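Here's the structure, in structure tokens; my notes come after.
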Amino acid sequence: MLLLPSLVLLCSAITTARAVTVYGQIPLAQTASAASATTTTAAAYDETQLQPPAIPSPKPATVYTLQLQRDATGVIGLSIPHVGVGFWGFSIEMSVISQVLGKNSSLLQVPFLNLMANLQERAGGVIIRLGGNTQEFAALVDSIPNGHTFAKTDSGSTQTTKTPAVLYTLDMFYMASNISSMLNVKWFFGIPFNDSTNWRLAIAENAQSILGDNLLALQAGNEPDFYQQFGRRVTYSPQQYYDEIGQLITVMDANPLITNKNMLLAPSVATGPWTPEEVWDTGFMNTYKDRMFAFTVEHYPNNNCAAQFAADGPIQDPQTVFPSYLSHTAVVSLVQPYVNSSNLALAAGKPFMMFETNTASCGGFKGISDSYGAALWAMDYGLQMAWANFTHGMLHVGGQNVFYNPFTAPPTNQSTFHEWSAGSVYYAAIVLAEALGKTNTSQVVDLWGNAGNVYTPSYAIYESGALSKLALFNYVDDNTTQSDLLVTVNVPTGVPGTVKVKYLSAASVASRQNISWAGQTLGGHFEVDGRFTGTLNVTSITCDTTANNCVIPVPAPGFALVFFDTSVPQLSIGQATQTFATTAKTKVRNTATVDPSVLATSNGHMGMGAGGNLFGSTSVGSISAARRRAVVGGGVVVMGAVVVGGLWVVRALVH
């Protein structure tokens, strides 16, 4: 394992009584003379709250029965067993890595580690892709001025959001490796595909040598069906892409520094100009399956490019668009075009992944993408993909100017007093991690209950061949309680005496704050250190073992995850047992010492730039917040640690 020096992270057990945390940290991108902060209006912190859609007419039945089989052998249409960590992973645009992961390999973002620890507790680990459109122009350099790990330069791209070229140093790989030394995080990187004559394979070489088994695969082309439209090729077709994959494999085979030749991801089409079937028709799957880790696609249900980047096409009104995310129809129509491809991948013995998605491309919609309704949508979408035998989905993460982020660091000039923000879709990732668990045996079936009503979808989840969980949705927004559901679950061969229920709750589908999972929340904008707060609240429901019925209430709106096995560890999980906290003191005035149980901490983040030059970022809005100035020199982090009491471990890690 290769690790970088002076990793300023203090790892603690969740109990931190009497531990002292020094707050008032000057952001890593600033000096003490930084300008005072002003209120930001960046998309990631937009306060727009929409009106919930009207109650459907006719309204769904509020009382209905689901008849389930206890044994998986009696169920028609079950998915294959879900194998791997969780379902939702994260696709982090390469140009914002330093905002999300940390300043460099020696100083990582503590809130990010805590957020990943929450998922690891529930699913055993997390998968993360570092890439996106910006990977296509990425270039390794020996160094970047002022000790930066990343910088941007003009790529000459003509696409909607002027994708920059990312310059990176080897420290990017050590950053990922250091994270994997503390958490079970596995990584995907992407091979630059903008020049198929002179392949730049440094990402493949160094990712394999530095990350080892923590590297899962390498993406070969990102949305190649848009290459012609974005000016990356003069003309381009599925056959030309097939040919270039063959050329890439030939070059990789001749490269002794690439030791694993069979870990590619492709074709990652966006189902724009091409469909996946047009790629399969070239013989792609049969020819290259032995070289693939998985087959992949990427897709967003809508786009907001006209509003965000003045692209061609009419600007869409979020209030008008909102209802399209609030029914089962939305996710079924998203997944249906890929069922054939999923079946082909299954026959080829390979995983099938949705490698990049979110509520809408070009950053999502204000008032929608960070709403409770988006969380319902993302849970329904993930379970629908799991039922269609997708192995994983990857929620995309941009920068400050997107609405859909699962998590966002504060703007650099506010990180002395603001913490992170958690988006609603992060809660969806948490819920699906619990729903599918760690057994690698979970099988999913869409029940189409309540006479197939699209506003009240439901799924059953079987583990180790037996009924394990039930997922119940209510998309209807009605604060009168008149649309609350009472779902009778009947199992002819018997129900347990008691079932347990966890609810994902909010006041409205339009709510953007006060979302809670089993009574716990991460906090609102600028309040998140990655740890859940509040008392864990798991509801016990007594069943009628004579009639073999359990009656489950689901509020409007609402989501319930019903546990038939009340001994499973997910029921006791609130905050992860492993969390991370910083005791770094980098501010010399206005510091305070308080009990860490009432004081959250954050490392902040910085923007990127080389020589003062800053460029716009990726297609989904990963524009960095600000230029930074270095506060490190000679390989030494200029920080002093103050630790009193508790069990803390300071890692000084070396190559």
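So you can find residues: chains in the structure tokens are A, B, ... in the order shown, residues in each start at 1, and ligands are numbered from 1 in order.
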
For Val332 of chain A, find every residue with an atom within 9 Å (counting only C-alpha atoms), except residues of its own chain fewer than 6 positions away, and show them as a list of chain:residue names. A:Tyr381, A:Gln384, A:Met385

Could you please take those selected residues and save all heavy atoms as a PDB file, in the first residue's frame?
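Once everything was written out, this is again.pdb:
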```
ATOM      1  N   TYR A 381     -35.688   4.804  -8.810  1.00  0.00           N
ATOM      2  CA  TYR A 381     -34.822   4.582  -9.972  1.00  0.00           C
ATOM      3  C   TYR A 381     -33.782   3.504  -9.666  1.00  0.00           C
ATOM      4  O   TYR A 381     -33.555   2.576 -10.461  1.00  0.00           O
ATOM      5  CB  TYR A 381     -34.153   5.905 -10.328  1.00  0.00           C
ATOM      6  CG  TYR A 381     -33.293   5.946 -11.561  1.00  0.00           C
ATOM      7  CD1 TYR A 381     -33.411   5.029 -12.600  1.00  0.00           C
ATOM      8  CD2 TYR A 381     -32.346   6.966 -11.704  1.00  0.00           C
ATOM      9  CE1 TYR A 381     -32.613   5.104 -13.738  1.00  0.00           C
ATOM     10  CE2 TYR A 381     -31.557   7.060 -12.840  1.00  0.00           C
ATOM     11  CZ  TYR A 381     -31.673   6.132 -13.842  1.00  0.00           C
ATOM     12  OH  TYR A 381     -30.873   6.226 -14.959  1.00  0.00           O
ATOM     13  N   GLN A 384     -35.446   0.120  -9.422  1.00  0.00           N
ATOM     14  CA  GLN A 384     -35.877  -0.321 -10.744  1.00  0.00           C
ATOM     15  C   GLN A 384     -34.695  -0.853 -11.554  1.00  0.00           C
ATOM     16  O   GLN A 384     -34.793  -1.879 -12.245  1.00  0.00           O
ATOM     17  CB  GLN A 384     -36.556   0.834 -11.490  1.00  0.00           C
ATOM     18  CG  GLN A 384     -37.182   0.448 -12.818  1.00  0.00           C
ATOM     19  CD  GLN A 384     -38.420  -0.418 -12.696  1.00  0.00           C
ATOM     20  OE1 GLN A 384     -38.846  -1.043 -13.662  1.00  0.00           O
ATOM     21  NE2 GLN A 384     -39.026  -0.460 -11.501  1.00  0.00           N
ATOM     22  N   MET A 385     -33.549  -0.182 -11.450  1.00  0.00           N
ATOM     23  CA  MET A 385     -32.353  -0.678 -12.125  1.00  0.00           C
ATOM     24  C   MET A 385     -31.897  -2.002 -11.520  1.00  0.00           C
ATOM     25  O   MET A 385     -31.495  -2.924 -12.258  1.00  0.00           O
ATOM     26  CB  MET A 385     -31.232   0.360 -12.062  1.00  0.00           C
ATOM     27  CG  MET A 385     -31.403   1.504 -13.038  1.00  0.00           C
ATOM     28  SD  MET A 385     -29.908   2.489 -13.271  1.00  0.00           S
ATOM     29  CE  MET A 385     -29.883   3.430 -11.755  1.00  0.00           C
TER      30      MET A 385
END
```

Find the residues around segment 41-53 of chain A up to 7 Å (only C-alpha atoms counted), leave out those fewer than 6 positions away in its own chain, and share them as an MDAnalysis selection string. chainID A and resid 319 323 366:367 400:403 477 509:511 525

Tell me, as a CSV table (one decimal) with C-alpha atoms, in the first residue's frame, which residues lie within 8 Å of Gly437 of chain A, counting only C-alpha atoms; anything in the same chain fewer than 3 positions away does not count.
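Written out: part_35.csv:
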```
chain,number,residue,atom,x,y,z
A,86,GLY,CA,-24.4,-0.8,-2.1
A,122,ARG,CA,-24.5,-0.1,5.7
A,123,ALA,CA,-23.1,-1.7,2.5
A,433,ALA,CA,-27.3,0.6,0.9
A,434,GLU,CA,-29.5,-0.6,3.8
A,440,ASN,CA,-24.5,-10.3,-1.7
A,442,SER,CA,-30.3,-9.6,-2.3
A,570,GLN,CA,-29.2,-2.4,9.6
```

Go through A:Trp387, A:Trp274, A:Trp420, A:Phe365 one by one, measure the shortest atom-to-atom distance of each to Asn303 of chain A using only C-alpha atoms, and give the residue with the smallest value.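 The answer is A:Phe365, which sits nearest to Asn303 of chain A.
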
Could you name the residues that touch segment 536-547 of chain A at 12 Å or less, counting only C-alpha atoms, but leaving out those on the same chain fewer than 5 positions away, as a ChimeraX atom specification? /A:488-505,516-521,552-554,560-566,570-575

Counting only C-alpha atoms, the residue of A:His396, A:Lys152, A:His328, A:Arg232 that sits nearest Gly89 of chain A: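 Nearest to Gly89 of chain A: A:His396.
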
Spatial neighbours of segment 216-221 of chain A, 6 Å, only C-alpha atoms, chain gap at least 4 places, as JSON, numbers by chain: {"A": [187, 188, 189, 190, 191, 193, 263, 264, 265, 266]}

Filtered DSSP result for segment 438-508 of chain A, state alpha helix (DSSP H), as a PyMOL selection string: chain A and resi 449-452

Preceding selection exported with all heavy atoms as a PDB file, in the first residue's frame:
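This is the output file result-v7.pdb:
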```pdb
ATOM      1  N   GLY A 449     -47.900  -3.075  -6.977  1.00  0.00           N
ATOM      2  CA  GLY A 449     -49.043  -3.184  -6.076  1.00  0.00           C
ATOM      3  C   GLY A 449     -50.035  -2.059  -6.249  1.00  0.00           C
ATOM      4  O   GLY A 449     -49.869  -1.149  -7.074  1.00  0.00           O
ATOM      5  N   ASN A 450     -51.097  -2.115  -5.469  1.00  0.00           N
ATOM      6  CA  ASN A 450     -52.170  -1.120  -5.515  1.00  0.00           C
ATOM      7  C   ASN A 450     -52.710  -0.970  -6.937  1.00  0.00           C
ATOM      8  O   ASN A 450     -52.876   0.141  -7.448  1.00  0.00           O
ATOM      9  CB  ASN A 450     -51.690   0.236  -4.981  1.00  0.00           C
ATOM     10  CG  ASN A 450     -52.833   1.111  -4.501  1.00  0.00           C
ATOM     11  OD1 ASN A 450     -53.977   0.665  -4.400  1.00  0.00           O
ATOM     12  ND2 ASN A 450     -52.529   2.370  -4.208  1.00  0.00           N
ATOM     13  N   ALA A 451     -52.962  -2.127  -7.556  1.00  0.00           N
ATOM     14  CA  ALA A 451     -53.492  -2.168  -8.928  1.00  0.00           C
ATOM     15  C   ALA A 451     -52.584  -1.444  -9.907  1.00  0.00           C
ATOM     16  O   ALA A 451     -53.038  -0.881 -10.905  1.00  0.00           O
ATOM     17  CB  ALA A 451     -54.902  -1.581  -8.973  1.00  0.00           C
ATOM     18  N   GLY A 452     -51.284  -1.482  -9.631  1.00  0.00           N
ATOM     19  CA  GLY A 452     -50.320  -0.876 -10.536  1.00  0.00           C
ATOM     20  C   GLY A 452     -50.329   0.636 -10.518  1.00  0.00           C
ATOM     21  O   GLY A 452     -49.826   1.264 -11.464  1.00  0.00           O
TER      22      GLY A 452
END
```

Residue contacts of Asn479 of chain A (12 Å, only C-alpha atoms) excluding same-chain residues fewer than 3 positions away, as a ChimeraX atom specification: /A:52,54-55,476,482-484,506-509,555-558

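Summary of the local environment: counting only C-alpha atoms, residues at most 7 Å from Phe173 of chain A, other than itself and those fewer than 5 positions away along its chain, are A:Ala207, A:Ile210, A:Leu211.
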
d(atom CA of Val141 of chain A, atom CA of Ser106 of chain A) in Å: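 These two atoms are separated by 18.8 Å.
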
Å distance separating atom CA of Ser468 of chain A from atom CA of Gln120 of chain A, one decimal place: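 If I compute the distance from atom CA of Ser468 of chain A to atom CA of Gln120 of chain A, I get 20.2 Å.
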
With only C-alpha atoms as the basis for distance, which of A:Ala460, A:Val335, A:Ile92, A:Leu485 is at the shortest distance from Pro301 of chain A?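 Result for the nearest residue to Pro301 of chain A: A:Val335.
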
Enumerate, as a list in words, the complete set of residues in segment 311-396 of chain A that a backbone-based DSSP assignment places in strand (DSSP E).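 Reading the DSSP output for segment 311-396 of chain A, strand (DSSP E) covers Phe352, Met353, Met354, Phe355, Glu356, Thr357, His392, Gly393, Met394, Leu395 and His396 of chain A.
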
When you draw a straight line from atom CA of Asn286 of chain A to atom CA of Asn262 of chain A, how long is it in Å?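 Separation between atom CA of Asn286 of chain A and atom CA of Asn262 of chain A: 14.2 Å.
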